[in-house]
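The next block is start-v1.cif, given as mmCIF, C-alpha atoms.
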data_entry
#
loop_
_atom_site.label_atom_id
_atom_site.label_comp_id
_atom_site.auth_asym_id
_atom_site.auth_seq_id
_atom_site.Cartn_x
_atom_site.Cartn_y
_atom_site.Cartn_z
CA MET A 886 0.00 0.00 0.00
CA GLY A 887 3.03 2.26 0.09
CA LEU A 888 2.31 3.09 3.70
CA ALA A 889 5.47 1.99 5.46
CA ALA A 890 6.96 4.43 7.96
CA VAL A 891 10.55 5.22 8.89
CA ASP A 892 11.65 4.55 12.48
CA ARG A 893 14.47 7.09 12.77
CA ASN A 894 15.77 5.58 16.00
CA ALA A 895 16.31 2.20 14.41
CA ALA A 896 17.01 3.56 10.92
CA VAL A 897 14.74 0.94 9.36
CA VAL A 898 11.47 1.03 7.46
CA THR A 899 8.55 -0.16 9.57
CA GLY A 900 5.00 -1.11 8.76
CA THR A 901 1.94 0.88 9.75
CA LEU A 902 -0.58 0.04 12.44
CA PHE A 903 -4.06 0.83 11.10
CA VAL A 904 -6.80 1.28 13.71
CA VAL A 905 -9.90 0.26 11.76
CA ALA A 906 -13.47 0.96 12.85
CA THR A 907 -15.81 -1.86 11.81
CA PRO A 908 -19.64 -2.09 11.70
CA ILE A 909 -21.52 -2.18 15.00
CA GLY A 910 -24.15 -4.47 13.48
CA ASN A 911 -24.98 -3.72 9.87
CA LEU A 912 -22.13 -5.03 7.71
CA ALA A 913 -23.04 -2.54 4.97
CA ASP A 914 -21.64 0.22 7.21
CA ALA A 915 -18.06 -0.85 6.46
CA SER A 916 -16.36 1.90 4.48
CA PRO A 917 -14.63 1.13 1.16
CA ARG A 918 -11.37 2.40 2.67
CA SER A 919 -11.62 0.06 5.66
CA ILE A 920 -12.25 -2.93 3.38
CA GLU A 921 -9.31 -1.97 1.16
CA THR A 922 -7.07 -1.67 4.22
CA LEU A 923 -8.13 -5.04 5.66
CA ARG A 924 -7.51 -6.68 2.30
CA ALA A 925 -4.06 -5.14 1.82
CA ALA A 926 -2.78 -5.62 5.39
CA ASP A 927 -0.34 -8.39 6.20
CA LEU A 928 -2.10 -9.20 9.48
CA VAL A 929 -5.47 -8.38 11.04
CA ALA A 930 -5.43 -8.25 14.86
CA CYS A 931 -8.97 -9.13 16.03
CA GLU A 932 -10.71 -9.05 19.39
CA ASP A 933 -12.34 -12.34 18.34
CA THR A 934 -11.20 -13.92 15.08
CA ARG A 935 -14.52 -15.78 14.72
CA THR A 936 -16.48 -12.52 14.80
CA SER A 937 -14.15 -10.73 12.39
CA ARG A 938 -14.25 -13.60 9.89
CA THR A 939 -17.90 -12.77 9.17
CA LEU A 940 -16.91 -9.33 7.87
CA LEU A 941 -13.80 -10.60 6.11
CA ALA A 942 -15.65 -13.45 4.41
CA ARG A 943 -18.37 -11.10 3.14
CA HIS A 944 -15.72 -9.19 1.19
CA GLY A 945 -13.58 -12.18 0.18
CA ILE A 946 -10.68 -11.11 2.39
CA SER A 947 -8.19 -13.86 3.23
CA THR A 948 -5.70 -11.81 5.28
CA ARG A 949 -4.25 -13.80 8.19
CA THR A 950 -5.91 -13.02 11.52
CA VAL A 951 -4.39 -12.93 15.01
CA ALA A 952 -6.42 -12.82 18.24
CA LEU A 953 -5.81 -9.71 20.37
CA HIS A 954 -8.13 -9.44 23.35
CA GLU A 955 -8.05 -8.30 26.97
CA HIS A 956 -6.50 -11.57 28.18
CA ASN A 957 -3.57 -11.75 25.74
CA GLU A 958 -3.10 -8.13 24.61
CA ARG A 959 0.29 -7.62 26.24
CA SER A 960 1.84 -10.88 25.09
CA THR A 961 0.45 -10.63 21.55
CA THR A 962 1.53 -7.00 21.25
CA LYS A 963 5.19 -8.09 21.24
CA THR A 964 4.56 -10.39 18.27
CA LEU A 965 2.70 -7.68 16.38
CA LEU A 966 5.39 -5.08 17.08
CA ASP A 967 8.00 -7.48 15.70
CA ALA A 968 5.92 -7.79 12.52
CA LEU A 969 5.55 -4.01 12.26
CA ARG A 970 9.29 -3.52 12.74
CA ALA A 971 9.86 -6.03 9.94
CA GLY A 972 7.89 -3.78 7.60
CA LYS A 973 4.52 -5.55 7.74
CA ASN A 974 1.26 -3.60 7.96
CA VAL A 975 -1.17 -4.57 10.74
CA ALA A 976 -4.88 -3.72 10.84
CA LEU A 977 -6.38 -3.59 14.33
CA VAL A 978 -10.12 -4.28 14.70
CA SER A 979 -12.46 -5.04 17.57
CA ASP A 980 -15.67 -7.08 17.42
CA ALA A 981 -17.66 -3.97 16.54
CA GLY A 982 -17.06 -0.23 16.40
CA THR A 983 -13.80 1.53 17.10
CA PRO A 984 -10.89 -0.35 18.75
CA ALA A 985 -9.61 0.97 22.09
CA LEU A 986 -12.94 2.72 22.74
CA ALA A 987 -14.37 0.46 25.48
CA ASP A 988 -12.63 -2.32 23.52
CA PRO A 989 -9.12 -3.84 23.46
CA GLY A 990 -6.31 -2.21 21.50
CA ALA A 991 -5.07 0.75 23.51
CA TRP A 992 -1.97 -1.09 24.77
CA LEU A 993 -0.91 -2.09 21.25
CA VAL A 994 -1.44 1.47 19.98
CA ALA A 995 0.54 2.94 22.88
CA GLN A 996 3.43 0.55 22.34
CA ALA A 997 3.46 1.28 18.61
CA HIS A 998 3.79 5.00 19.35
CA ALA A 999 6.60 4.29 21.82
CA ALA A 1000 8.42 2.24 19.17
CA GLY A 1001 8.18 5.04 16.59
CA ILE A 1002 5.76 3.07 14.43
CA ARG A 1003 3.21 4.98 12.40
CA VAL A 1004 -0.39 4.70 13.69
CA SER A 1005 -3.17 5.56 11.25
CA PRO A 1006 -6.86 5.65 12.29
CA LEU A 1007 -9.65 4.74 9.89
CA PRO A 1008 -12.74 6.39 11.41
CA GLY A 1009 -16.12 4.79 11.12
CA PRO A 1010 -18.93 3.21 13.13
CA SER A 1011 -19.17 4.02 16.84
CA ALA A 1012 -22.11 3.19 19.09
CA ALA A 1013 -21.34 6.24 21.26
CA ALA A 1014 -21.40 8.65 18.31
CA ALA A 1015 -24.51 7.02 16.85
CA ALA A 1016 -26.39 7.21 20.15
CA ILE A 1017 -25.50 10.85 20.89
CA SER A 1018 -26.47 11.85 17.34
CA ALA A 1019 -29.89 10.23 17.74
CA SER A 1020 -30.50 11.59 21.26
CA GLY A 1021 -31.48 15.13 20.39
CA PHE A 1022 -29.63 16.45 23.45
CA ALA A 1023 -28.01 19.65 22.24
CA ALA A 1024 -24.59 20.08 23.82
CA SER A 1025 -21.13 21.25 22.84
CA ARG A 1026 -19.63 18.18 24.56
CA PHE A 1027 -20.59 14.92 26.19
CA LEU A 1028 -18.96 12.51 28.63
CA PHE A 1029 -18.30 8.96 27.44
CA ALA A 1030 -18.06 6.68 30.48
CA GLY A 1031 -18.25 3.32 28.69
CA PHE A 1032 -19.30 0.34 30.80
CA LEU A 1033 -20.08 0.93 34.46
CA PRO A 1034 -18.67 -1.54 37.03
CA ALA A 1035 -20.51 -4.86 37.08
CA GLN A 1036 -20.77 -5.05 40.87
CA PRO A 1037 -23.83 -3.18 42.21
CA ALA A 1038 -22.03 -1.30 45.00
CA ALA A 1039 -19.20 -0.22 42.70
CA ARG A 1040 -21.67 0.82 39.99
CA ARG A 1041 -23.60 3.04 42.40
CA LYS A 1042 -20.37 4.62 43.65
CA ALA A 1043 -19.32 5.37 40.07
CA LEU A 1044 -22.66 7.06 39.37
CA GLU A 1045 -22.10 9.45 42.27
CA ALA A 1046 -19.33 11.10 40.27
CA LEU A 1047 -21.26 11.20 36.98
CA ASP A 1048 -23.86 13.90 37.60
CA VAL A 1049 -22.32 16.28 35.08
CA PRO A 1050 -23.70 19.32 33.18
CA TRP A 1051 -23.50 17.61 29.78
CA PRO A 1052 -24.94 14.40 28.31
CA LEU A 1053 -23.50 11.13 29.61
CA VAL A 1054 -23.01 8.13 27.29
CA LEU A 1055 -22.87 4.63 28.75
CA TYR A 1056 -22.69 1.13 27.30
CA GLU A 1057 -24.51 -1.77 28.92
CA ALA A 1058 -24.92 -5.50 28.36
CA PRO A 1059 -28.40 -7.06 28.18
CA HIS A 1060 -28.03 -9.06 31.40
CA ARG A 1061 -27.28 -5.87 33.39
CA ILE A 1062 -29.50 -3.29 31.68
CA ARG A 1063 -32.36 -3.59 34.18
CA ASP A 1064 -30.10 -3.19 37.21
CA THR A 1065 -28.34 -0.23 35.63
CA LEU A 1066 -31.61 1.54 34.84
CA GLU A 1067 -32.76 0.97 38.41
CA ASP A 1068 -29.54 2.55 39.71
CA LEU A 1069 -29.82 5.48 37.29
CA LEU A 1070 -33.40 6.08 38.40
CA ALA A 1071 -32.40 6.00 42.08
CA ARG A 1072 -29.46 8.35 41.50
CA PHE A 1073 -30.93 10.90 39.08
CA GLY A 1074 -34.69 10.74 39.66
CA PRO A 1075 -37.70 9.95 37.45
CA GLU A 1076 -37.77 13.27 35.53
CA ARG A 1077 -34.24 13.12 34.05
CA GLU A 1078 -34.52 12.08 30.41
CA ILE A 1079 -32.61 9.18 28.93
CA VAL A 1080 -32.20 7.74 25.45
CA LEU A 1081 -32.11 3.96 25.21
CA ALA A 1082 -30.47 2.89 21.95
CA ARG A 1083 -30.81 -0.84 21.47
CA GLU A 1084 -29.28 -2.98 18.72
CA LEU A 1085 -28.03 0.07 16.79
CA SER A 1086 -27.87 -0.46 13.01
CA LYS A 1087 -29.32 -3.99 13.32
CA LYS A 1088 -32.67 -5.41 12.23
CA PHE A 1089 -34.39 -4.84 15.58
CA GLU A 1090 -32.90 -1.41 16.30
CA GLU A 1091 -34.86 0.77 18.70
CA VAL A 1092 -34.09 4.31 19.88
CA ALA A 1093 -36.38 5.68 22.60
CA ARG A 1094 -36.15 8.98 24.49
CA LEU A 1095 -38.18 9.09 27.67
CA PRO A 1096 -38.02 10.05 31.37
CA LEU A 1097 -36.06 7.67 33.59
CA GLY A 1098 -39.30 7.02 35.46
CA ASN A 1099 -40.70 5.31 32.34
CA ALA A 1100 -37.56 3.42 31.32
CA LEU A 1101 -38.23 0.18 33.21
CA ALA A 1102 -41.75 -0.06 31.80
CA TRP A 1103 -40.32 0.41 28.29
CA LEU A 1104 -37.76 -2.32 28.95
CA ALA A 1105 -40.49 -4.73 30.10
CA HIS A 1106 -41.74 -5.11 26.52
CA PRO A 1107 -40.97 -8.63 25.20
CA HIS A 1108 -37.45 -9.10 23.85
CA ARG A 1109 -36.23 -5.61 24.80
CA GLU A 1110 -33.78 -6.96 27.37
CA GLN A 1111 -31.91 -8.60 24.50
CA GLY A 1112 -29.07 -7.02 22.57
CA GLU A 1113 -26.44 -4.43 23.37
CA PHE A 1114 -27.40 -0.99 24.68
CA ALA A 1115 -25.96 2.50 24.37
CA LEU A 1116 -27.54 4.90 26.87
CA VAL A 1117 -27.51 8.69 26.74
CA LEU A 1118 -28.49 10.45 29.96
CA ALA A 1119 -29.56 14.08 29.68
CA ALA A 1120 -27.26 16.70 31.15
CA GLY A 1121 -27.52 17.59 34.81
CA GLU A 1122 -27.86 21.15 36.02
CA GLU A 1123 -25.02 23.52 35.22
CA ARG A 1124 -22.85 24.11 38.27
CA PRO A 1125 -19.99 26.49 39.00
CA ALA A 1126 -16.61 24.97 38.19
CA HIS A 1127 -15.51 25.08 41.82
CA SER A 1128 -18.40 22.81 42.80
CA LEU A 1129 -16.75 19.96 40.90
CA ASP A 1130 -14.34 18.94 43.65
CA ALA A 1131 -11.71 17.02 41.72
CA GLU A 1132 -10.34 15.15 44.72
CA ARG A 1133 -13.80 14.10 45.86
CA VAL A 1134 -14.59 12.84 42.35
CA LEU A 1135 -11.28 10.98 42.28
CA ASP A 1136 -11.90 9.36 45.67
CA VAL A 1137 -15.30 8.08 44.54
CA LEU A 1138 -13.95 6.68 41.28
CA LEU A 1139 -11.02 4.96 43.03
CA GLU A 1140 -13.50 2.84 44.95
CA ALA A 1141 -14.45 1.15 41.68
CA LEU A 1142 -11.63 1.75 39.20
CA SER A 1143 -7.85 1.42 38.88
CA PRO A 1144 -5.78 4.60 39.46
CA SER A 1145 -5.22 5.01 35.71
CA GLU A 1146 -8.90 4.63 34.78
CA ALA A 1147 -10.04 6.78 37.71
CA ALA A 1148 -7.65 9.57 36.71
CA LYS A 1149 -8.77 9.40 33.08
CA LEU A 1150 -12.47 9.66 33.97
CA ALA A 1151 -11.88 12.32 36.66
CA ALA A 1152 -10.01 14.41 34.09
CA ARG A 1153 -12.98 14.24 31.73
CA ILE A 1154 -15.39 15.23 34.48
CA THR A 1155 -13.40 18.06 36.07
CA GLY A 1156 -11.28 19.34 33.19
CA LEU A 1157 -8.08 19.01 35.22
CA PRO A 1158 -4.99 17.40 33.66
CA LYS A 1159 -5.01 13.60 33.72
CA SER A 1160 -1.33 13.51 34.77
CA GLN A 1161 -2.07 15.63 37.85
CA LEU A 1162 -5.00 13.45 38.85
CA TYR A 1163 -3.03 10.26 38.19
CA ARG A 1164 -0.34 11.35 40.64
CA LYS A 1165 -3.00 12.02 43.26
CA ALA A 1166 -4.60 8.64 42.51
CA LEU A 1167 -1.30 6.82 43.03
CA GLU A 1168 -0.78 8.62 46.34
CA ARG A 1169 -4.23 7.52 47.52
CA ALA A 1170 -3.68 3.95 46.36
CA LYS A 1171 -0.56 3.48 48.52
#

Show the structure stored in the file as structure tokens.
Amino acid sequence: MGLAAVDRNAAVVTGTLFVVATPIGNLADASPRSIETLRAADLVACEDTRTSRTLLARHGISTRTVALHEHNERSTTKTLLDALRAGKNVALVSDAGTPALADPGAWLVAQAHAAGIRVSPLPGPSAAAAAISASGFAASRFLFAGFLPAQPAARRKALEALDVPWPLVLYEAPHRIRDTLEDLLARFGPEREIVLARELSKKFEEVARLPLGNALAWLAHPHREQGEFALVLAAGEERPAHSLDAERVLDVLLEALSPSEAAKLAARITGLPKSQLYRKALERAK
């Protein structure tokens, strides 16, 4: 593809790591550029090779696949970096949507940057972007919090820090959607509006905007507790900046998240530098 990069430190030509967004349900959403890249790559790193083969087979792509998921990401990254250093191009995909966005891949991307290897994103489908676009909540920014903790106590603690003055985007699995809606209702009250985006881009897609007080009744309809969900919670009331106590937010998040993840989310909420909050998180974790 003529896309090799030069690693000046090693004085050799390296391959390129392509971060490729793939369809979140409807295979027709794959862009021509993403298909061309997957076909021309030397390796495709997949969250689940069985899932990715469906997309690859549809387009007659026979590129060799390698599994890269949360359980083997660090060990497999070394193999992929060796391939990139040898001049091979690697395409990184997750099961659906954009890699490293609530999906595996961030470690590989970070290590590629550290090794001086070119990283090239191919933008495309994202459940978060699709849900916020269909929500109708006008805002200059939103907070993407991904998946909440699975444990009920940790999930409720995390929600304490997420009453922010802009829309909040969450992902949730079908077996936890009812519990999460119950916790959202208890935390934010029945009048706060929410958008429930279910099975986005798929045959049984549904997008409903309604008060939290009506969400559980909507969910009770047959089959609605099936499929993946993207939730968009309406913005909370605007508050003065000083009311967002960064250290309090950090303390709450540390009860459920690692120091790195807590610092990242606290930075999004408060606007303070992630590095500053990470140092504070490490001090508290000692």

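Of the listed residues A:Ile1017, A:Ala995, A:Val898, A:Ala1152, the one whose atoms come nearest to Arg970 (chain A) is A:Val898, with distances taken using all atoms listed in the file.
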
Check: Can you list, as JSON, numbers by chain, every protein, DNA or RNA residue that comes within 9 Å of Ala981 (chain A) when you count all atoms listed in the file, leaving out same-chain residues fewer than 4 positions away?
Finding: {"A": [906, 907, 908, 909, 910, 936, 937, 988, 1010, 1011, 1012]}

Next item on the list: Convert the output of the PyMOL selection byres ((chain A and resi 1053) around 7) on the shown file into explicit residues, formatted as a list in words.
Entry: Phe1027, Leu1028, Phe1029, Trp1051, Pro1052, Val1054, Leu1055, Val1117, Leu1118, Ala1119 and Ala1120 of chain A

Keeping only C-alpha atoms, take the residues you just selected and write them out as a compact mmCIF listing (two decimals), in the coordinates of the input.
# COMPACT_ATOMS: atom_id res chain seq x y z
CA PHE A 1027 -20.59 14.92 26.19
CA LEU A 1028 -18.96 12.51 28.63
CA PHE A 1029 -18.30 8.96 27.44
CA TRP A 1051 -23.50 17.61 29.78
CA PRO A 1052 -24.94 14.40 28.31
CA VAL A 1054 -23.01 8.13 27.29
CA LEU A 1055 -22.87 4.63 28.75
CA VAL A 1117 -27.51 8.69 26.74
CA LEU A 1118 -28.49 10.45 29.96
CA ALA A 1119 -29.56 14.08 29.68
CA ALA A 1120 -27.26 16.70 31.15

Next item on the list: Name all residues at most 7 Å from Tyr1056 (chain A) (count only C-alpha atoms; drop same-chain ones fewer than 3 positions away) and give them as a list in words.
Entry: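 Using only C-alpha atoms, the neighbours found are Gly1031, Phe1032, Phe1114, Ala1115 and Leu1116 of chain A.
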
Next item on the list: Select, from A:Pro1034, A:Gly990, A:Asp933, A:Leu1101, the residue with the minimum atom-to-atom distance to Arg959 (chain A), counting all atoms listed in the file.
Entry: A:Gly990

Find the spatial neighbours of Ser916 (chain A), counting only C-alpha atoms, within a cut-off of 12 Å - ignore same-chain residues fewer than 5 positions away - and output them as a PDB file with C-alpha atoms, in the coordinates of the input.
ATOM      1  CA  VAL A 905      -9.900   0.260  11.760  1.00  0.00           C
ATOM      2  CA  ALA A 906     -13.470   0.960  12.850  1.00  0.00           C
ATOM      3  CA  THR A 907     -15.810  -1.860  11.810  1.00  0.00           C
ATOM      4  CA  PRO A 908     -19.640  -2.090  11.700  1.00  0.00           C
ATOM      5  CA  ASN A 911     -24.980  -3.720   9.870  1.00  0.00           C
ATOM      6  CA  GLU A 921      -9.310  -1.970   1.160  1.00  0.00           C
ATOM      7  CA  THR A 922      -7.070  -1.670   4.220  1.00  0.00           C
ATOM      8  CA  LEU A 923      -8.130  -5.040   5.660  1.00  0.00           C
ATOM      9  CA  LEU A 940     -16.910  -9.330   7.870  1.00  0.00           C
ATOM     10  CA  HIS A 944     -15.720  -9.190   1.190  1.00  0.00           C
ATOM     11  CA  LEU A1007      -9.650   4.740   9.890  1.00  0.00           C
ATOM     12  CA  PRO A1008     -12.740   6.390  11.410  1.00  0.00           C
ATOM     13  CA  GLY A1009     -16.120   4.790  11.120  1.00  0.00           C
ATOM     14  CA  PRO A1010     -18.930   3.210  13.130  1.00  0.00           C
TER      15      PRO A1010
END

Item checked: CA of Leu1070 (chain A) to CA of Ala1102 (chain A), straight-line distance in Å ->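 One can read the CA of Ala1102 (chain A) to CA of Leu1070 (chain A) distance as 12.3 Å.
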
Checklist line | the PyMOL selection byres ((chain A and resi 1004) around 9) resolved against shown file, as a PyMOL selection string | finding: chain A and resi 901-904+994+997-998+1002-1003+1005-1006

Item checked: Nearest to Ala1141 (chain A) by atom-to-atom distance, counting all atoms listed in the file, from A:Arg949, A:Arg943, A:His956, A:Arg1041 -> A:Arg1041

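A straight line drawn from CA of Thr1155 (chain A) to CA of Ala1024 (chain A) is 16.7 Å long.
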
Note to self: For a quick check of understanding, using all atoms listed in the file, which of A:Ala1016, A:Arg935, A:Arg1061, A:Ala930 has the smallest distance to Val975 (chain A)?
What the structure shows: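 So, comparing all the options, the nearest one is A:Ala930.
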
Check: Between CA of Ala987 (chain A) and CA of Thr948 (chain A), what is the spacing in Å?
Finding: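 Here the two named atoms are 25.2 Å from each other.
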
Checklist line | the PyMOL selection byres ((chain A and resi 969) around 12) resolved against shown file, as a ChimeraX atom specification | finding: /A:888-892,897-903,926-929,962-968,970-976,993-994,996-998,1000-1004

Next item on the list: Find the residues around Glu1067 (chain A) up to 10 Å (all atoms listed in the file counted), leave out those fewer than 3 positions away in its own chain, and share them as a PyMOL selection string.
Entry: chain A and resi 1062-1064+1070-1072+1097-1098+1100-1101

Next item on the list: Neighbourhood query: residues within 7 Å of (-6.6, -11.3, 15.5), file coordinates, counting only C-alpha atoms; return as a PyMOL selection string.
Entry: chain A and resi 929-934+950-953

Selection above as a file: C-alpha atoms, as an mmCIF file, in the coordinates of the input:
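As a result, part_18.cif now contains:
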data_model
loop_
_atom_site.group_PDB
_atom_site.id
_atom_site.type_symbol
_atom_site.label_atom_id
_atom_site.label_comp_id
_atom_site.auth_asym_id
_atom_site.auth_seq_id
_atom_site.Cartn_x
_atom_site.Cartn_y
_atom_site.Cartn_z
ATOM 1 C CA VAL A 929 -5.470 -8.380 11.040
ATOM 2 C CA ALA A 930 -5.430 -8.250 14.860
ATOM 3 C CA CYS A 931 -8.970 -9.130 16.030
ATOM 4 C CA GLU A 932 -10.710 -9.050 19.390
ATOM 5 C CA ASP A 933 -12.340 -12.340 18.340
ATOM 6 C CA THR A 934 -11.200 -13.920 15.080
ATOM 7 C CA THR A 950 -5.910 -13.020 11.520
ATOM 8 C CA VAL A 951 -4.390 -12.930 15.010
ATOM 9 C CA ALA A 952 -6.420 -12.820 18.240
ATOM 10 C CA LEU A 953 -5.810 -9.710 20.370
#

Note to self: What's around Pro1144 (chain A) at 9 Å? Count all atoms listed in the file, leave out sequence neighbours fewer than 3 positions away in its own chain, and write the answer as a ChimeraX atom specification.
What the structure shows: /A:1135,1138-1139,1147-1149,1162-1167,1169-1170

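Remark: for Leu1142 (chain A), the closest of the candidate residues A:Lys1042, A:Glu1057, A:Ile946, A:Ser960 is A:Lys1042 (distances computed over all atoms listed in the file).
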
Notebook entry, point to check: Using only C-alpha atoms, which of the listed residues (A:Pro984, A:Ser1086, A:Val1137, A:Asp1130) sits closest to Ala1039 (chain A)?
Noted result: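 Counting only C-alpha atoms, the residue closest to Ala1039 (chain A) is A:Val1137.
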